[in-house]
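Trainee: Got a structure for you, final05.txt, holding compact mmCIF, C-alpha atoms and all ligand atoms.
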# COMPACT_ATOMS: atom_id res chain seq x y z
CA MET A 1 -5.82 71.14 -43.99
CA THR A 2 -3.29 70.07 -41.39
CA PRO A 3 -4.66 68.52 -38.18
CA PRO A 4 -3.98 70.56 -35.02
CA THR A 5 -0.84 69.46 -33.24
CA VAL A 6 -1.26 67.83 -29.86
CA THR A 7 1.43 69.59 -27.90
CA GLN A 8 1.41 67.22 -24.91
CA ALA A 9 2.05 64.14 -27.05
CA ASN A 10 4.87 65.86 -28.90
CA GLN A 11 6.78 66.72 -25.74
CA PRO A 12 9.72 64.49 -24.97
CA PRO A 13 8.89 62.03 -22.14
CA ALA A 14 11.45 63.58 -19.76
CA GLN A 15 9.67 66.92 -19.92
CA ARG A 16 6.29 65.28 -19.21
CA HIS A 17 7.79 63.52 -16.20
CA SER A 18 9.07 66.74 -14.74
CA LEU A 19 5.60 68.26 -15.17
CA VAL A 20 4.07 65.34 -13.27
CA ALA A 21 6.75 65.67 -10.58
CA ALA A 22 6.08 69.39 -10.27
CA LEU A 23 2.33 68.80 -9.92
CA ALA A 24 2.89 66.08 -7.34
CA THR A 25 5.15 68.39 -5.33
CA LEU A 26 2.54 71.14 -5.50
CA ALA A 27 -0.17 68.76 -4.29
CA ALA A 28 2.06 67.59 -1.43
CA VAL A 29 2.79 71.18 -0.37
CA ALA A 30 -0.94 71.98 -0.50
CA CYS A 31 -1.70 68.98 1.76
CA ILE A 32 0.98 69.97 4.26
CA LEU A 33 -0.32 73.55 4.36
CA LEU A 34 -3.86 72.27 4.92
CA VAL A 35 -2.83 70.03 7.82
CA VAL A 36 -0.34 72.41 9.45
CA VAL A 37 -1.99 75.79 8.93
CA VAL A 38 -5.66 75.62 7.97
CA LEU A 39 -7.05 72.81 10.14
CA PRO A 40 -5.60 73.96 13.50
CA ALA A 41 -6.75 77.53 12.79
CA ALA A 42 -10.27 76.31 12.08
CA HIS A 43 -10.06 74.24 15.24
CA SER A 44 -9.30 77.09 17.54
CA ASP A 45 -11.20 80.36 17.32
CA PRO A 46 -9.56 83.68 18.39
CA TYR A 47 -11.13 83.49 21.87
CA THR A 48 -9.68 80.02 22.51
CA ARG A 49 -6.29 80.99 21.12
CA GLN A 50 -6.16 84.13 23.28
CA THR A 51 -7.19 82.16 26.37
CA LEU A 52 -4.57 79.47 25.78
CA HIS A 53 -1.83 82.12 25.55
CA LEU A 54 -2.61 83.45 29.03
CA THR A 55 -1.32 82.11 32.32
CA GLY A 56 -4.18 81.37 34.67
CA SER A 57 -4.33 81.65 38.43
CA ALA A 58 -5.89 78.66 40.17
CA THR A 59 -6.72 80.88 43.19
CA ASP A 60 -8.71 83.36 41.09
CA GLY A 61 -10.22 80.47 39.16
CA GLY A 62 -11.35 78.87 42.41
CA ARG A 63 -13.08 82.10 43.40
CA LEU A 64 -14.86 82.25 40.01
CA PHE A 65 -15.75 78.59 40.34
CA ARG A 66 -17.40 79.04 43.74
CA LEU A 67 -19.43 81.98 42.40
CA ASN A 68 -20.51 80.52 39.06
CA CYS A 69 -20.13 76.77 39.03
CA ALA A 70 -20.29 75.39 42.57
CA GLY A 71 -24.11 75.54 42.62
CA CYS A 72 -24.13 72.64 40.18
CA HIS A 73 -20.71 71.05 40.57
CA GLY A 74 -20.40 71.41 44.37
CA GLN A 75 -18.22 73.72 46.51
CA ALA A 76 -15.31 71.29 46.21
CA ALA A 77 -16.16 70.30 42.59
CA GLN A 78 -17.21 66.92 44.00
CA GLY A 79 -20.33 66.81 41.80
CA LEU A 80 -23.99 67.66 42.47
CA VAL A 81 -26.33 68.35 39.53
CA GLY A 82 -23.25 68.46 37.32
CA PRO A 83 -20.51 65.82 37.38
CA ASP A 84 -17.51 65.59 39.72
CA LEU A 85 -14.76 67.61 38.03
CA HIS A 86 -11.74 65.94 39.64
CA GLY A 87 -9.50 64.65 36.88
CA VAL A 88 -11.69 66.24 34.21
CA ASP A 89 -8.49 67.46 32.49
CA ARG A 90 -7.64 63.82 31.80
CA ARG A 91 -10.96 63.35 30.00
CA LYS A 92 -11.00 66.64 28.11
CA ASN A 93 -8.22 68.79 26.69
CA ASP A 94 -8.09 72.58 27.20
CA ARG A 95 -9.98 73.33 24.00
CA GLN A 96 -12.77 70.96 24.99
CA LEU A 97 -12.91 72.41 28.51
CA ILE A 98 -13.25 75.92 27.07
CA GLN A 99 -15.97 74.69 24.70
CA GLN A 100 -17.75 73.07 27.64
CA VAL A 101 -17.86 76.40 29.49
CA VAL A 102 -18.70 78.76 26.62
CA SER A 103 -20.86 76.68 24.27
CA GLY A 104 -23.99 75.90 26.29
CA ARG A 105 -24.23 72.69 24.26
CA THR A 106 -24.98 70.48 27.26
CA PRO A 107 -28.00 71.85 29.12
CA PRO A 108 -28.69 72.45 31.95
CA MET A 109 -25.13 73.82 32.06
CA PRO A 110 -25.52 77.34 30.72
CA SER A 111 -23.23 79.11 28.28
CA PHE A 112 -20.76 81.35 30.13
CA GLN A 113 -18.87 84.22 28.54
CA PRO A 114 -15.84 84.75 30.77
CA GLU A 115 -13.14 87.20 29.74
CA PRO A 116 -10.14 85.26 28.37
CA GLN A 117 -8.20 85.86 31.60
CA ALA A 118 -11.12 84.56 33.70
CA MET A 119 -11.35 81.51 31.41
CA ALA A 120 -7.59 80.92 31.80
CA ASP A 121 -8.05 81.13 35.60
CA LEU A 122 -10.92 78.60 35.47
CA LEU A 123 -8.70 76.27 33.41
CA ALA A 124 -5.89 76.61 35.96
CA PHE A 125 -8.40 75.77 38.71
CA LEU A 126 -9.68 72.70 36.85
CA HIS A 127 -6.06 71.55 36.34
CA SER A 128 -5.45 71.99 40.08
CA LEU A 129 -8.17 69.45 40.96
CA PRO A 130 -6.42 66.14 41.65
C1 LIG A 201 -26.83 74.77 35.94
C2 LIG A 201 -25.84 73.82 36.35
C3 LIG A 201 -24.39 74.00 35.94
C4 LIG A 201 -23.58 75.10 36.11
C5 LIG A 201 -23.94 76.44 36.74
C6 LIG A 201 -22.28 74.72 35.60
N1 LIG A 201 -22.30 73.44 35.13
FE1 LIG A 201 -20.75 72.44 34.33
N2 LIG A 201 -21.96 70.86 33.91
C7 LIG A 201 -23.28 70.77 34.28
C8 LIG A 201 -23.82 69.52 33.79
C9 LIG A 201 -25.25 69.02 33.97
C10 LIG A 201 -22.76 68.87 33.10
C11 LIG A 201 -22.82 67.54 32.33
C12 LIG A 201 -23.16 67.89 30.91
C13 LIG A 201 -23.17 66.69 30.00
O1 LIG A 201 -22.09 66.17 29.70
O2 LIG A 201 -24.25 66.32 29.55
C14 LIG A 201 -21.62 69.75 33.22
C15 LIG A 201 -20.36 69.45 32.68
C16 LIG A 201 -19.23 70.20 32.92
C17 LIG A 201 -17.90 69.81 32.49
C18 LIG A 201 -17.52 68.54 31.76
C19 LIG A 201 -17.44 67.43 32.74
C20 LIG A 201 -16.98 66.11 32.17
O3 LIG A 201 -16.90 65.16 32.94
O4 LIG A 201 -16.70 66.03 30.98
C21 LIG A 201 -17.05 70.80 32.90
C22 LIG A 201 -15.56 70.87 32.69
C23 LIG A 201 -17.86 71.80 33.54
N3 LIG A 201 -19.18 71.41 33.54
C24 LIG A 201 -17.36 72.97 34.07
C25 LIG A 201 -18.13 73.98 34.58
C26 LIG A 201 -17.63 75.27 34.96
C27 LIG A 201 -16.17 75.68 34.92
C28 LIG A 201 -18.70 76.01 35.36
C29 LIG A 201 -18.72 77.44 35.83
C30 LIG A 201 -18.14 78.43 34.93
C31 LIG A 201 -19.89 75.16 35.25
N4 LIG A 201 -19.51 73.95 34.76
C32 LIG A 201 -21.18 75.55 35.59
C33 LIG A 201 -24.01 71.70 35.00
C34 LIG A 201 -23.59 72.96 35.33
Would you kindly transcribe this structure into structure tokens?
Mentor:
Amino acid sequence: MTPPTVTQANQPPAQRHSLVAALATLAAVACILLVVVVLPAAHSDPYTRQTLHLTGSATDGGRLFRLNCAGCHGQAAQGLVGPDLHGVDRRKNDRQLIQQVVSGRTPPMPSFQPEPQAMADLLAFLHSLP
């Protein structure tokens, strides 16, 4: 009875090297796809993406702010129950600011559900605070 041939070992070394190179390339492509495509998509949900594509109006955002937020953050966003929001866009990026407004993760600040345009307006207002 002849022993089964071990195909791998019988291949010339050059061929094995090209297999390793091909696998390495595939792994590299998979990593790049993960970093460039999958992670950012997981990072930003459809609501956030839609909001970030819109141009906000600081004037409309200011109106929304006085109605919904000023009770805690003060009429001029100077801080009251909630913190002073001047320069908040230097502490938090747009995604984090949206999360802050919609998530309700930091009570007593409630979770708001503004339409994407209203959220874009609130962002524009927050950016307008010196
Ligand atoms: C019931 C009170 C309350 C209301 C209403 C409220 N907030 Fe807040 N907000 C807070 C409190 C308290 C914090 C601090 C939360 C923490 O970090 O623990 C906060 C934090 C924030 C922060 C982060 C501040 C920082 O320094 O990182 C932002 C931005 C913010 N609020 C925006 C808004 C906006 C915009 C609205 C209106 C849509 C709003 N808040 C309505 C109480 C409130």
Trainee: With 6 Å as the cut-off and all atoms listed in the file counted, what is the closest atom pair between each nearby residue of chain A and ligand LIG 201 (chain A)? Distances in Å to one decimal, ordered by chain and number, as CSV.
Mentor:
residue,atom,partner,partner_atom,distance
A:Phe65,CA,A:LIG201,C29,5.5
A:Asn68,CA,A:LIG201,C29,4.8
A:Cys69,CA,A:LIG201,C29,3.6
A:Gly71,CA,A:LIG201,C5,6.0
A:Cys72,CA,A:LIG201,C2,4.4
A:Val81,CA,A:LIG201,C9,5.7
A:Gly82,CA,A:LIG201,C8,3.7
A:Pro83,CA,A:LIG201,C10,5.7
A:Leu85,CA,A:LIG201,C19,5.9
A:Val88,CA,A:LIG201,O3,5.5
A:Leu97,CA,A:LIG201,C22,5.2
A:Gln100,CA,A:LIG201,C21,5.8
A:Val101,CA,A:LIG201,C26,5.6
A:Thr106,CA,A:LIG201,O2,4.8
A:Pro108,CA,A:LIG201,C1,5.0
A:Met109,CA,A:LIG201,C34,3.7
A:Pro110,CA,A:LIG201,C1,6.0
Trainee: Out of A:Arg66, A:His73, A:Arg90, A:Arg95, which residue has the shortest atom-to-atom distance to Thr51 (chain A) when counting all atoms listed in the file?
Mentor: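 For Thr51 (chain A), the nearest of the candidates is A:Arg95.
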Trainee: Mind giving me the straight-line distance from CA of Pro114 (chain A) to CA of Ser44 (chain A) in Å, one decimal?
Mentor: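 These atoms are spaced 16.6 Å apart.
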Trainee: Set the distance at 9 Å and use all atoms listed in the file: which residues neighbour Tyr47 (chain A) once local chain neighbours fewer than 5 positions away are removed? I'd like the list as number ranges by chain.
Mentor: A: 52, 115-116
Trainee: Calculate how many Å separate CA of Ala77 (chain A) from CA of Arg91 (chain A), rounding to one decimal.
Mentor: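 Atom-to-atom, CA of Ala77 (chain A) to CA of Arg91 (chain A), that is 15.3 Å.
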Trainee: From the options A:Asp94, A:Asp84, A:Asp45, A:Asp60, which residue's atoms come nearest to Leu129 (chain A), counting only C-alpha atoms?
Mentor: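 Distance minimum relative to Leu129 (chain A) lands on A:Asp84.
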Trainee: Record the distance separating CA of Pro107 (chain A) and CA of Thr55 (chain A), expressed in Å with one decimal.
Mentor: 28.8 Å
Trainee: May I ask which of the residues A:Gln75, A:Gln99, A:Leu126, A:Asp121 is the closest one to Thr59 (chain A), counting all atoms listed in the file?
Mentor: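 Between A:Gln75, A:Gln99, A:Leu126, A:Asp121, the residue approaching Thr59 (chain A) most closely is A:Asp121.
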Trainee: Please define a box with edges along x, y and z of the file around all atoms of region 94-106 of chain A given in the file, extend it by 6 Å on each side, and return its centre and edge lengths in Å to one decimal, as JSON.
Mentor:
{"center_x": -16.5, "center_y": 74.6, "center_z": 26.7, "size_x": 28.9, "size_y": 20.3, "size_z": 17.5}
Trainee: Between A:Arg49, A:His17, A:Arg63, A:Arg105, single out the one closest to Ala118 (chain A), counting all atoms listed in the file.
Mentor: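 The shortest atom-to-atom distance to Ala118 (chain A) comes from A:Arg63.
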Trainee: Give me the residues within 7 Å of Val102 (chain A) as a PyMOL selection string, counting all atoms listed in the file and dropping any in the same chain fewer than 2 places off.
Mentor: chain A and resi 98-100+104+111-113
Trainee: For a quick check of understanding, using all atoms listed in the file, which of A:Ser57, A:Asn93, A:Thr25, A:Ser103 has the smallest distance to Phe125 (chain A)?
Mentor: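 Checking each candidate against Phe125 (chain A), we get A:Ser57 as the closest.
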